[in-house]
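A.B. asks: To start, I am sharing the structure in question, which I have written as structure tokens.
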Amino acid sequence: MTTTVPMCPVVHFEMPYQDRERAARFYAAVFGWTHQMMGPEMGEYLLVSTVENGPRPGVPPEAPVAAIHGGLYPKDPASPIQHPSVVIAVEDIHAAMARVRTAGGQVLGEPMTIPGVGKYVAFEDTEGNRNSIIQPSMGDQPCAS
């Protein structure tokens, strides 16, 4: 398919929370994300930062800051989870799984190998959001575990 509009990168994600402080603790403990808690004038929003400014391991230097890739999958009535989620790259999937459990989340199954991509497993955070972690099999490691 040919398009004449510019490619617009995904630069933000949102997930709901039930307990803002608990969600902030979970993502700080598991992935090292920093956060800023906004006040009532900003709807009690929890703003998270997932990368430091500067070079990003595994990302081409010409990639726009905060650019991420995404994908869509077919809906499957047999699957219990059919909603948006994010995939977070980690250096060691087993260490990240342990951090998810320690921080109060739940790992959903065992890691599966995606040929040429890496090891992948889904998890549920303390707020009931389903997301995933991946240990890439190629290139620079994305973060320290």
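As shown in the structure tokens, the chain order sets the letters A, B, ...; within each chain, residues go from 1, and ligands are also counted from 1 in the order they appear.
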With only C-alpha atoms as the counted atoms, please give the residues lying no more than 12 Å from segment 113-115 of chain A, apart from itself and same-chain residues fewer than 2 positions off, as a ChimeraX atom specification.
C.D. replies: /A:93,110-111,117-121,133-138
A.B. asks: How would the residues just chosen look if you wrote them out with N, CA and C atoms as a CSV table (one decimal), in the first residue's frame?
C.D. replies:
chain,number,residue,atom,x,y,z
A,93,ILE,N,14.7,-11.8,30.9
A,93,ILE,CA,13.2,-12.0,31.1
A,93,ILE,C,12.9,-12.7,32.4
A,110,GLU,N,4.5,-18.9,30.8
A,110,GLU,CA,5.9,-19.1,30.7
A,110,GLU,C,6.4,-18.3,29.4
A,111,PRO,N,7.7,-17.9,29.4
A,111,PRO,CA,8.2,-17.2,28.2
A,111,PRO,C,8.1,-18.1,27.0
A,117,VAL,N,13.3,-12.8,17.2
A,117,VAL,CA,12.8,-11.6,17.9
A,117,VAL,C,13.3,-11.7,19.4
A,118,GLY,N,12.9,-12.8,20.0
A,118,GLY,CA,13.3,-12.9,21.4
A,118,GLY,C,12.3,-13.7,22.3
A,119,LYS,N,12.5,-13.7,23.6
A,119,LYS,CA,11.6,-14.4,24.5
A,119,LYS,C,10.6,-13.4,25.0
A,120,TYR,N,9.3,-13.9,25.1
A,120,TYR,CA,8.2,-13.0,25.3
A,120,TYR,C,7.3,-13.7,26.4
A,121,VAL,N,6.7,-12.9,27.3
A,121,VAL,CA,5.7,-13.3,28.2
A,121,VAL,C,4.8,-12.1,28.6
A,133,ILE,N,6.5,-8.4,28.5
A,133,ILE,CA,7.9,-8.1,28.5
A,133,ILE,C,8.6,-9.0,27.4
A,134,ILE,N,9.7,-8.5,26.8
A,134,ILE,CA,10.4,-9.2,25.8
A,134,ILE,C,11.9,-9.1,26.1
A,135,GLN,N,12.6,-10.2,26.0
A,135,GLN,CA,14.1,-10.2,26.0
A,135,GLN,C,14.5,-10.3,24.6
A,136,PRO,N,15.0,-9.2,23.9
A,136,PRO,CA,15.3,-9.3,22.5
A,136,PRO,C,16.5,-10.2,22.3
A,137,SER,N,16.4,-10.9,21.1
A,137,SER,CA,17.5,-11.9,20.8
A,137,SER,C,18.6,-11.3,20.0
A,138,MET,N,18.4,-10.0,19.6
A,138,MET,CA,19.4,-9.4,18.7
A,138,MET,C,19.8,-8.0,19.1
A.B. asks: Give me the residues near segment 25-34 of chain A as a ChimeraX atom specification, where near means some atom within 6 Å (using only C-alpha atoms) and where sequence neighbours in that chain fewer than 2 positions away do not count.
C.D. replies: /A:22-23,48-50,99-100,103
A.B. asks: Keeping C-alpha atoms, export the residues of the selection given above as a short mmCIF file (atom, residue, chain, number, x, y, z; two decimals), in the first residue's frame.
C.D. replies:
data_model
loop_
_atom_site.label_atom_id
_atom_site.label_comp_id
_atom_site.auth_asym_id
_atom_site.auth_seq_id
_atom_site.Cartn_x
_atom_site.Cartn_y
_atom_site.Cartn_z
CA ARG A 22 0.65 1.32 44.02
CA ALA A 23 0.92 1.60 40.21
CA VAL A 48 5.75 8.16 33.64
CA SER A 49 9.16 8.42 31.97
CA THR A 50 10.54 5.22 30.47
CA ARG A 99 10.45 -8.34 39.74
CA VAL A 100 6.85 -8.43 38.46
CA ALA A 103 6.14 -5.94 43.07
#
A.B. asks: Running DSSP on the backbone, which parts of segment 9-136 of chain A land in strand (DSSP E or B), as a ChimeraX atom specification?
C.D. replies: /A:10,34-37,46-49,68,87-89,106-114,118-124,130-136
A.B. asks: Find the residues around Gly109 of chain A up to 12 Å (only C-alpha atoms counted), leave out those fewer than 3 positions away in its own chain, and share them as a VMD selection string.
C.D. replies: chain A and resid 97 106 112 120 to 124 132 to 133
A.B. asks: Could you take the residues named above and write them with N, CA, C and O atoms, as a compact mmCIF listing (two decimals), in the first residue's frame?
C.D. replies:
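So again.txt came out as:
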# COMPACT_ATOMS: atom_id res chain seq x y z
N MET A 97 10.57 -11.14 35.30
CA MET A 97 9.42 -11.89 35.80
C MET A 97 9.42 -11.92 37.32
O MET A 97 8.38 -11.75 37.96
N GLN A 106 1.38 -10.28 38.33
CA GLN A 106 1.23 -11.70 38.05
C GLN A 106 1.77 -11.98 36.64
O GLN A 106 1.36 -11.32 35.68
N MET A 112 7.72 -17.51 25.87
CA MET A 112 7.75 -18.22 24.60
C MET A 112 8.80 -17.56 23.72
O MET A 112 9.07 -16.36 23.84
N TYR A 120 9.33 -13.86 25.07
CA TYR A 120 8.18 -13.00 25.34
C TYR A 120 7.27 -13.66 26.36
O TYR A 120 7.04 -14.87 26.31
N VAL A 121 6.73 -12.86 27.28
CA VAL A 121 5.71 -13.33 28.21
C VAL A 121 4.84 -12.14 28.62
O VAL A 121 5.32 -11.01 28.73
N ALA A 122 3.57 -12.42 28.84
CA ALA A 122 2.63 -11.38 29.29
C ALA A 122 2.59 -11.34 30.81
O ALA A 122 2.94 -12.31 31.48
N PHE A 123 2.17 -10.20 31.34
CA PHE A 123 2.00 -10.07 32.78
C PHE A 123 0.82 -9.15 33.06
O PHE A 123 0.37 -8.40 32.19
N GLU A 124 0.32 -9.23 34.27
CA GLU A 124 -0.73 -8.33 34.74
C GLU A 124 -0.14 -7.50 35.86
O GLU A 124 0.48 -8.03 36.78
N SER A 132 3.24 -6.85 28.40
CA SER A 132 4.17 -7.93 28.12
C SER A 132 5.61 -7.45 28.28
O SER A 132 5.88 -6.25 28.21
N ILE A 133 6.51 -8.42 28.46
CA ILE A 133 7.94 -8.13 28.47
C ILE A 133 8.59 -9.01 27.41
O ILE A 133 8.12 -10.11 27.11
A.B. asks: Please measure the separation of atom CA of Glu41 of chain A and atom CA of Arg20 of chain A, giving the value in Å to one decimal.
C.D. replies: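 Computing the Euclidean distance for atom CA of Glu41 of chain A and atom CA of Arg20 of chain A yields 15.7 Å.
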A.B. asks: What gap, in Å, lies between atom CA of Asn129 of chain A and atom CA of Met15 of chain A?
C.D. replies: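 Answer for the atom CA of Asn129 of chain A to atom CA of Met15 of chain A separation: 7.0 Å.
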A.B. asks: Could you pull the residues within 7 Å of Met37 of chain A, counting only C-alpha atoms, minus those fewer than 3 positions along the same chain, as an mmCIF file with all heavy atoms, in the first residue's frame?
C.D. replies:
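Dumped everything to result_11.cif:
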data_model
loop_
_atom_site.group_PDB
_atom_site.id
_atom_site.type_symbol
_atom_site.label_atom_id
_atom_site.label_comp_id
_atom_site.auth_asym_id
_atom_site.auth_seq_id
_atom_site.Cartn_x
_atom_site.Cartn_y
_atom_site.Cartn_z
ATOM 1 N N GLU A 44 -5.517 14.050 38.303
ATOM 2 C CA GLU A 44 -4.779 13.053 39.090
ATOM 3 C C GLU A 44 -3.967 12.117 38.189
ATOM 4 O O GLU A 44 -3.770 10.944 38.482
ATOM 5 C CB GLU A 44 -5.723 12.242 39.988
ATOM 6 C CG GLU A 44 -6.573 13.065 40.925
ATOM 7 C CD GLU A 44 -5.777 13.829 41.979
ATOM 8 O OE1 GLU A 44 -4.642 13.443 42.299
ATOM 9 O OE2 GLU A 44 -6.304 14.826 42.494
ATOM 10 N N TYR A 45 -3.488 12.648 37.069
ATOM 11 C CA TYR A 45 -2.733 11.883 36.085
ATOM 12 C C TYR A 45 -1.403 11.418 36.661
ATOM 13 O O TYR A 45 -0.767 12.135 37.440
ATOM 14 C CB TYR A 45 -2.470 12.764 34.862
ATOM 15 C CG TYR A 45 -2.211 12.028 33.577
ATOM 16 C CD1 TYR A 45 -3.250 11.408 32.881
ATOM 17 C CD2 TYR A 45 -0.936 11.970 33.037
ATOM 18 C CE1 TYR A 45 -3.019 10.760 31.694
ATOM 19 C CE2 TYR A 45 -0.695 11.318 31.840
ATOM 20 C CZ TYR A 45 -1.731 10.715 31.180
ATOM 21 O OH TYR A 45 -1.509 10.065 29.994
ATOM 22 N N LEU A 46 -0.964 10.229 36.315
ATOM 23 C CA LEU A 46 0.345 9.698 36.696
ATOM 24 C C LEU A 46 1.195 9.679 35.435
ATOM 25 O O LEU A 46 0.995 8.857 34.552
ATOM 26 C CB LEU A 46 0.203 8.280 37.268
ATOM 27 C CG LEU A 46 1.494 7.543 37.609
ATOM 28 C CD1 LEU A 46 2.275 8.278 38.695
ATOM 29 C CD2 LEU A 46 1.181 6.120 38.055
ATOM 30 N N LEU A 47 2.110 10.621 35.329
ATOM 31 C CA LEU A 47 2.981 10.745 34.168
ATOM 32 C C LEU A 47 4.226 9.904 34.409
ATOM 33 O O LEU A 47 4.867 10.033 35.450
ATOM 34 C CB LEU A 47 3.354 12.216 33.965
ATOM 35 C CG LEU A 47 4.151 12.573 32.729
ATOM 36 C CD1 LEU A 47 3.353 12.279 31.472
ATOM 37 C CD2 LEU A 47 4.530 14.052 32.778
#
A.B. asks: Closest to Arg130 of chain A among A:Pro16, A:Arg101, A:Thr2, A:Pro40, using only C-alpha atoms?
C.D. replies: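 Closest residue, counting only C-alpha atoms: A:Pro16.
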A.B. asks: As an exercise, work out the distance from atom CA of Gly128 of chain A to atom CA of Val87 of chain A in Å and give it to one decimal place.
C.D. replies: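 Atom CA of Val87 of chain A lies at a distance of 15.5 Å from atom CA of Gly128 of chain A.
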